[in-house]
Structures are given as structure tokens and as C-alpha cells.
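Report on the structure given below.
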Amino acid sequence: MKRTFVFPGQGSQAVGMGKELAEAYPAAREVFDMVDEALGEKLSALIFDGPLETLTLTENAQPALMAVSVAAVRALESVTGKQLAGMGHFVAGHSLGEYSALAAARSLELEDAARLLRLRGQSMQKAVPVGAGAMCAMLGVEIELAREIAAEAAEDQVCDIANDNGGGQVVLSGDKAAVERAIAIATAKGVKRSVMLPVSAPFHCTLMAPAADAMGQALAEISLQKPSVPVIANVSAQAETDPANLRQLLVQQVTGMVRWRESMVHAADQGVTQLVELGAGKVLTGLAKRIDPRLEGVAIGAPAAIEAFAEALG
């Protein structure tokens, strides 16, 4: 069986995530300790005990979700006695989850991933004044119609496709007025449902250019190694292994569309039949069948699920 390990993005956070992992596995506990040390604060205390409002802040949620995902990876590796490369053929992460994927595949050092995601969250928040931008999710729409709606809504403002998540779910991002126009246009065109998202900034659109510049400067100072398994990148929706290319794709990702649907179809085209979501929640595995009937999804973010998965591996 060919499998891809996938890692969630912002929105999957919850108070208490990863706490059972830290209590059950020394390898997982070490991940949280290393992230705390890298950031110079007890992010683990916030992850385990809250409050949710502080955990949900972009600058906290991004490194927190990465920490939980990598903790799950290291726990799985400790139980099986195998590294990720011995259990899967690809890794992929949704938005910030791409940093989790790179850390899991030992391309990016854990401490560097934590610091980069803290900067990424802060830079994204600073790029657009609070209230000036917005994002909306359209449900029951294909990507071609979504492009038409975004183009019509933009007028002299920004309205970009942020995420093509698959299963008829497309997210738009940009100036608040333009996104509001997009919702009205979508309704008129028969789109089943469109909702504004409770986000603090318009991610993955051209308004994020200042954040992309900041990440470009930071990533230039970071060492990336060849990943132990290919990374299916958000921007290219292709399997990537070259560190220089991966570095540039991470910069482009800040303003670019998350091509998740295409990424998962690419995985299936390479013979992948199982997506294994490591970390908080099960959003990505929930999309698996809706994206491609060849894919089955399983989420392993708690000790019981990790033990069961390890036993099934044999």
C-alpha cells in the first residue's frame, strides 16, 4: 500500500491537543520541549491548557499545530521503530501544515520550523489592517466557477482564490468589500452556500505580499535538507525534493493558492491509496474520498490511534 502522511492547517487547533501524546511518549514530550525552548516561552502550556482565544491567535496557532503534528510523527516512529520514510511515500501539509510536513521529513529542523511559523503568523497579521480583509468559503462550487466569481467580484480590489480544498469547497480571500461582493455573486449564480470565515487576516492572497517578503528573508537564513520522502507542495501540487525549490515554494505559498485538491489527485495518480493525517483533527482525511474515490483517510492524533495504526503496519 502506498500512503501519504498529511498535516492540518489553521482551524484545526483545540485546547488540549497533543497532551495525551506528551504524557504517553517521551519522543512526543521532547518535541514540545524543543518548541518551547526555540520560542523562549511555554507554548506547550497554552496548547494543553488554553485559553482558546490566545491559542487561536495566528502567531500561536501556527507553531502549535506544527508541534502537535510532529509530536504525533515522533510518537509513531518510537512505537514502530521506523522513520517516516519507512512507512510512507509522500508527505503534504495544508498551508502551515507544509512546515509540519518538512519537519516530519527532516528537511526543516524542528526549532527552525517553530520560529518560522511564529514569524509567519506575525507577518500575516501585520500585512493587512484588522478588518480590512476577509475570507469566505463557498460550498458546492467547482474551481472554474469560483474563478469567475472572484474575477467579477474583484473590480478594483483583491479577490483571490486562497484554497481549492476539493469536495466542492473553495475559499476566497482579499479585500473585505470584494469578498462580500463575491458572496452575493455566488448566491446569484446558484452556489449552494457561501459563508464568511472567522479569520483575523486574508491569507493566501496578494495582500499578503509584505508577509511573503518577510518570509523570503527569514527562509534565506535557514538550512533546508533534502526531505526523506518527497513533499507534495501547495503551490505546485507536485512532489518536490530539491531544497532550493522547496524554499522558494514556501515563499510563494504566502500569497499563492493552496492547491489541495490537485495535490491529493497527484498523490492518487502516483498510486497512493491511503492518507494518514497526523496531528489535530481529521479535516484532511474527511476530504479524501470527496476529492478522489481512490483515497481512504485515517486520522492518528491520539495514543490509541497511533498504537492501532502501528499494529496494522505489523
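Ligands are numbered from 1 in the order shown, residues from 1 within each chain, and chains are lettered A, B, ... in the order they appear in the C-alpha cells.
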Nearby residues (only C-alpha atoms) at most 7 Å from Thr241 of chain A, same-chain spacing under 3 positions excluded, as a list in words: Lys226, Pro227, Pro230 and Val231 of chain A
Requested write-out: N, CA, C and O atoms of the selected residues, as a compact mmCIF listing (two decimals), in the first residue's frame:
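Output (again_33.txt):
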# COMPACT_ATOMS: atom_id res chain seq x y z
N LYS A 226 17.44 17.84 1.90
CA LYS A 226 16.57 17.05 1.06
C LYS A 226 15.64 16.22 1.94
O LYS A 226 16.11 15.52 2.84
N PRO A 227 14.32 16.30 1.75
CA PRO A 227 13.42 15.55 2.62
C PRO A 227 13.57 14.05 2.44
O PRO A 227 13.92 13.57 1.36
N PRO A 230 9.41 12.63 -0.64
CA PRO A 230 9.00 13.81 -1.40
C PRO A 230 7.84 14.55 -0.73
O PRO A 230 6.95 13.93 -0.14
N VAL A 231 7.87 15.87 -0.85
CA VAL A 231 6.83 16.74 -0.31
C VAL A 231 5.95 17.22 -1.47
O VAL A 231 6.46 17.83 -2.42
Tell me which protein, DNA and RNA residues are within 8 Å of Ala113 of chain A, counting only C-alpha atoms, leaving out same-chain ones fewer than 6 positions away, and put them as a list of chain:residue names.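 In the requested form, the answer reads A:Pro63, A:Met66, A:Tyr99, A:Ser100, A:Ala103.
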Residues of the last selection are to be written out with N, CA, C and O atoms, as an mmCIF file, in the first residue's frame.
data_model
loop_
_atom_site.group_PDB
_atom_site.id
_atom_site.type_symbol
_atom_site.label_atom_id
_atom_site.label_comp_id
_atom_site.auth_asym_id
_atom_site.auth_seq_id
_atom_site.Cartn_x
_atom_site.Cartn_y
_atom_site.Cartn_z
ATOM 1 N N PRO A 63 2.638 27.699 15.056
ATOM 2 C CA PRO A 63 3.653 26.800 15.632
ATOM 3 C C PRO A 63 3.043 25.714 16.516
ATOM 4 O O PRO A 63 3.599 24.615 16.615
ATOM 5 N N MET A 66 1.911 22.800 14.311
ATOM 6 C CA MET A 66 3.103 22.096 13.833
ATOM 7 C C MET A 66 3.682 21.210 14.927
ATOM 8 O O MET A 66 4.038 20.053 14.692
ATOM 9 N N TYR A 99 4.959 23.214 6.631
ATOM 10 C CA TYR A 99 6.115 23.280 7.527
ATOM 11 C C TYR A 99 6.163 22.029 8.401
ATOM 12 O O TYR A 99 7.247 21.500 8.672
ATOM 13 N N SER A 100 5.006 21.553 8.838
ATOM 14 C CA SER A 100 4.948 20.305 9.605
ATOM 15 C C SER A 100 5.467 19.153 8.766
ATOM 16 O O SER A 100 6.225 18.303 9.254
ATOM 17 N N ALA A 103 9.235 19.369 8.490
ATOM 18 C CA ALA A 103 9.882 18.973 9.744
ATOM 19 C C ALA A 103 9.763 17.468 9.949
ATOM 20 O O ALA A 103 10.715 16.815 10.393
#
Sorted per-residue table, segment 242-265 of chain A near segment 135-151 of chain A, closest atoms and distance, 12 Å, only C-alpha atoms, as JSON lines:
{"residue": "A:Met257", "atom": "CA", "partner": "A:Ile143", "partner_atom": "CA", "distance": 11.6}
{"residue": "A:Arg259", "atom": "CA", "partner": "A:Ile143", "partner_atom": "CA", "distance": 10.4}
{"residue": "A:Trp260", "atom": "CA", "partner": "A:Ile143", "partner_atom": "CA", "distance": 11.8}
{"residue": "A:Arg261", "atom": "CA", "partner": "A:Ile143", "partner_atom": "CA", "distance": 9.9}
{"residue": "A:Glu262", "atom": "CA", "partner": "A:Ile143", "partner_atom": "CA", "distance": 10.8}
Residues from last step as file, all heavy atoms, as an mmCIF file, in the first residue's frame:
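Saved the output as part-v2.cif:
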data_model
loop_
_atom_site.group_PDB
_atom_site.id
_atom_site.type_symbol
_atom_site.label_atom_id
_atom_site.label_comp_id
_atom_site.auth_asym_id
_atom_site.auth_seq_id
_atom_site.Cartn_x
_atom_site.Cartn_y
_atom_site.Cartn_z
ATOM 1 N N MET A 257 -2.238 30.219 -4.001
ATOM 2 C CA MET A 257 -3.361 29.339 -3.699
ATOM 3 C C MET A 257 -2.876 27.996 -3.174
ATOM 4 O O MET A 257 -1.905 27.428 -3.685
ATOM 5 C CB MET A 257 -4.197 29.113 -4.970
ATOM 6 C CG MET A 257 -5.366 28.154 -4.791
ATOM 7 S SD MET A 257 -6.441 28.050 -6.241
ATOM 8 C CE MET A 257 -5.370 27.255 -7.440
ATOM 9 N N ARG A 259 -3.309 24.487 -3.413
ATOM 10 C CA ARG A 259 -3.912 23.596 -4.424
ATOM 11 C C ARG A 259 -4.081 22.191 -3.833
ATOM 12 O O ARG A 259 -3.511 21.224 -4.308
ATOM 13 C CB ARG A 259 -3.037 23.587 -5.672
ATOM 14 C CG ARG A 259 -2.933 24.950 -6.355
ATOM 15 C CD ARG A 259 -1.841 25.002 -7.405
ATOM 16 N NE ARG A 259 -2.061 24.046 -8.491
ATOM 17 C CZ ARG A 259 -1.179 23.823 -9.471
ATOM 18 N NH1 ARG A 259 -0.027 24.480 -9.481
ATOM 19 N NH2 ARG A 259 -1.436 22.945 -10.404
ATOM 20 N N TRP A 260 -4.904 22.104 -2.795
ATOM 21 C CA TRP A 260 -5.014 20.845 -2.072
ATOM 22 C C TRP A 260 -5.681 19.753 -2.896
ATOM 23 O O TRP A 260 -5.242 18.606 -2.895
ATOM 24 C CB TRP A 260 -5.769 21.058 -0.757
ATOM 25 C CG TRP A 260 -5.672 19.856 0.132
ATOM 26 C CD1 TRP A 260 -6.644 18.934 0.406
ATOM 27 C CD2 TRP A 260 -4.504 19.419 0.839
ATOM 28 N NE1 TRP A 260 -6.155 17.960 1.246
ATOM 29 C CE2 TRP A 260 -4.838 18.238 1.527
ATOM 30 C CE3 TRP A 260 -3.198 19.927 0.962
ATOM 31 C CZ2 TRP A 260 -3.918 17.543 2.320
ATOM 32 C CZ3 TRP A 260 -2.293 19.238 1.746
ATOM 33 C CH2 TRP A 260 -2.656 18.062 2.406
ATOM 34 N N ARG A 261 -6.757 20.096 -3.584
ATOM 35 C CA ARG A 261 -7.451 19.102 -4.418
ATOM 36 C C ARG A 261 -6.490 18.509 -5.439
ATOM 37 O O ARG A 261 -6.374 17.278 -5.566
ATOM 38 C CB ARG A 261 -8.648 19.745 -5.128
ATOM 39 C CG ARG A 261 -9.368 18.818 -6.117
ATOM 40 C CD ARG A 261 -10.466 19.559 -6.861
ATOM 41 N NE ARG A 261 -9.958 20.714 -7.578
ATOM 42 C CZ ARG A 261 -9.406 20.670 -8.785
ATOM 43 N NH1 ARG A 261 -9.260 19.506 -9.421
ATOM 44 N NH2 ARG A 261 -8.978 21.775 -9.368
ATOM 45 N N GLU A 262 -5.759 19.352 -6.140
ATOM 46 C CA GLU A 262 -4.817 18.876 -7.145
ATOM 47 C C GLU A 262 -3.678 18.074 -6.504
ATOM 48 O O GLU A 262 -3.182 17.106 -7.087
ATOM 49 C CB GLU A 262 -4.241 20.056 -7.924
ATOM 50 C CG GLU A 262 -5.255 20.798 -8.775
ATOM 51 C CD GLU A 262 -4.648 22.067 -9.351
ATOM 52 O OE1 GLU A 262 -4.046 21.976 -10.440
ATOM 53 O OE2 GLU A 262 -4.738 23.131 -8.699
#
Leaving out segment 211-225 of chain A and any residue of its chain fewer than 5 positions from it, which residues lie within 12 Å of it when counting only C-alpha atoms, given as a PyMOL selection string? chain A and resi 99+102-113+115-128+201-206+230+241-256
One decimal place gives the atom CA of Val179 of chain A-atom CA of Gly97 of chain A separation as 24.9 Å
Going by DSSP on the backbone, which residues of segment 1-87 of chain A come out as strand (DSSP E)? List them as a list in words.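 DSSP on the backbone gives strand (DSSP E) at Lys2, Arg3, Thr4, Phe5, Val6 and Phe7 of chain A.
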Hey, which of A:Gly11, A:Arg74, A:Pro210, A:Val171 ends up closest to Ser194 of chain A? Count only C-alpha atoms.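 Once distances to Ser194 of chain A are computed over only C-alpha atoms, the minimum belongs to A:Val171.
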Step one, run DSSP on the backbone; step two, keep only residues of segment 54-268 of chain A assigned to helix (DSSP H, G or I); then write them as a ChimeraX atom specification. /A:54-55,58-80,84-86,97-104,110-127,143-154,176-188,206-219,243-255,260-268
Spatial neighbours of Thr4 of chain A, 10 Å, only C-alpha atoms, chain gap at least 4 places, as a PyMOL selection string: chain A and resi 87-92+229-232+264+267-268+272-277+295+297
Take the residues just selected and output them with N, CA, C and O atoms as an mmCIF file, in the first residue's frame.
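Written output follows (out_6.cif):
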data_model
loop_
_atom_site.group_PDB
_atom_site.id
_atom_site.type_symbol
_atom_site.label_atom_id
_atom_site.label_comp_id
_atom_site.auth_asym_id
_atom_site.auth_seq_id
_atom_site.Cartn_x
_atom_site.Cartn_y
_atom_site.Cartn_z
ATOM 1 N N MET A 87 7.573 4.251 6.261
ATOM 2 C CA MET A 87 6.138 3.980 6.391
ATOM 3 C C MET A 87 5.289 4.637 5.311
ATOM 4 O O MET A 87 4.124 4.267 5.122
ATOM 5 N N GLY A 88 5.824 5.631 4.631
ATOM 6 C CA GLY A 88 5.034 6.350 3.638
ATOM 7 C C GLY A 88 5.875 6.766 2.448
ATOM 8 O O GLY A 88 7.105 6.702 2.478
ATOM 9 N N HIS A 89 5.185 7.183 1.408
ATOM 10 C CA HIS A 89 5.853 7.525 0.151
ATOM 11 C C HIS A 89 5.912 9.032 -0.114
ATOM 12 O O HIS A 89 6.740 9.498 -0.882
ATOM 13 N N PHE A 90 4.975 9.786 0.491
ATOM 14 C CA PHE A 90 4.929 11.243 0.319
ATOM 15 C C PHE A 90 4.463 11.871 1.624
ATOM 16 O O PHE A 90 3.868 11.204 2.475
ATOM 17 N N VAL A 91 4.737 13.179 1.763
ATOM 18 C CA VAL A 91 4.123 13.990 2.811
ATOM 19 C C VAL A 91 3.525 15.229 2.147
ATOM 20 O O VAL A 91 3.978 15.656 1.073
ATOM 21 N N ALA A 92 2.508 15.801 2.792
ATOM 22 C CA ALA A 92 1.894 17.033 2.303
ATOM 23 C C ALA A 92 1.213 17.712 3.480
ATOM 24 O O ALA A 92 0.695 17.042 4.381
ATOM 25 N N VAL A 229 11.271 11.893 2.358
ATOM 26 C CA VAL A 229 10.269 11.487 1.365
ATOM 27 C C VAL A 229 9.836 12.739 0.616
ATOM 28 O O VAL A 229 9.878 13.840 1.168
ATOM 29 N N PRO A 230 9.410 12.628 -0.644
ATOM 30 C CA PRO A 230 9.002 13.811 -1.397
ATOM 31 C C PRO A 230 7.841 14.549 -0.733
ATOM 32 O O PRO A 230 6.948 13.930 -0.145
ATOM 33 N N VAL A 231 7.874 15.871 -0.847
ATOM 34 C CA VAL A 231 6.830 16.737 -0.305
ATOM 35 C C VAL A 231 5.954 17.215 -1.466
ATOM 36 O O VAL A 231 6.456 17.826 -2.418
ATOM 37 N N ILE A 232 4.656 16.936 -1.386
ATOM 38 C CA ILE A 232 3.729 17.458 -2.397
ATOM 39 C C ILE A 232 3.387 18.883 -1.983
ATOM 40 O O ILE A 232 2.696 19.107 -0.988
ATOM 41 N N MET A 264 -3.829 16.180 -3.839
ATOM 42 C CA MET A 264 -4.292 14.843 -3.480
ATOM 43 C C MET A 264 -4.571 13.986 -4.721
ATOM 44 O O MET A 264 -4.349 12.773 -4.707
ATOM 45 N N ALA A 267 -1.261 12.704 -5.695
ATOM 46 C CA ALA A 267 -0.869 11.568 -4.863
ATOM 47 C C ALA A 267 -1.542 10.293 -5.359
ATOM 48 O O ALA A 267 -0.892 9.243 -5.494
ATOM 49 N N ALA A 268 -2.840 10.381 -5.629
ATOM 50 C CA ALA A 268 -3.572 9.203 -6.119
ATOM 51 C C ALA A 268 -3.017 8.734 -7.459
ATOM 52 O O ALA A 268 -2.908 7.526 -7.713
ATOM 53 N N VAL A 272 -0.974 6.296 -4.598
ATOM 54 C CA VAL A 272 -1.338 6.400 -3.187
ATOM 55 C C VAL A 272 -2.803 6.023 -3.004
ATOM 56 O O VAL A 272 -3.673 6.478 -3.752
ATOM 57 N N THR A 273 -3.062 5.203 -2.000
ATOM 58 C CA THR A 273 -4.441 4.815 -1.686
ATOM 59 C C THR A 273 -4.846 5.201 -0.271
ATOM 60 O O THR A 273 -6.026 5.150 0.067
ATOM 61 N N GLN A 274 -3.879 5.581 0.570
ATOM 62 C CA GLN A 274 -4.201 5.927 1.956
ATOM 63 C C GLN A 274 -3.581 7.267 2.340
ATOM 64 O O GLN A 274 -2.389 7.487 2.143
ATOM 65 N N LEU A 275 -4.406 8.165 2.901
ATOM 66 C CA LEU A 275 -3.932 9.400 3.503
ATOM 67 C C LEU A 275 -3.980 9.237 5.011
ATOM 68 O O LEU A 275 -5.014 8.849 5.564
ATOM 69 N N VAL A 276 -2.873 9.521 5.669
ATOM 70 C CA VAL A 276 -2.785 9.400 7.122
ATOM 71 C C VAL A 276 -2.563 10.797 7.688
ATOM 72 O O VAL A 276 -1.516 11.403 7.463
ATOM 73 N N GLU A 277 -3.550 11.305 8.415
ATOM 74 C CA GLU A 277 -3.465 12.659 8.970
ATOM 75 C C GLU A 277 -2.869 12.589 10.371
ATOM 76 O O GLU A 277 -3.410 11.930 11.260
ATOM 77 N N LEU A 295 -8.851 7.277 -2.719
ATOM 78 C CA LEU A 295 -8.184 7.590 -1.462
ATOM 79 C C LEU A 295 -9.038 7.234 -0.255
ATOM 80 O O LEU A 295 -10.231 7.545 -0.207
ATOM 81 N N GLY A 297 -8.941 7.737 4.039
ATOM 82 C CA GLY A 297 -8.280 8.564 5.031
ATOM 83 C C GLY A 297 -8.364 7.990 6.423
ATOM 84 O O GLY A 297 -9.383 7.405 6.803
#
Pro26 of chain A environment, 10 Å, only C-alpha atoms, sequence neighbours closer than 5 positions dropped, as a count of residues only: 6
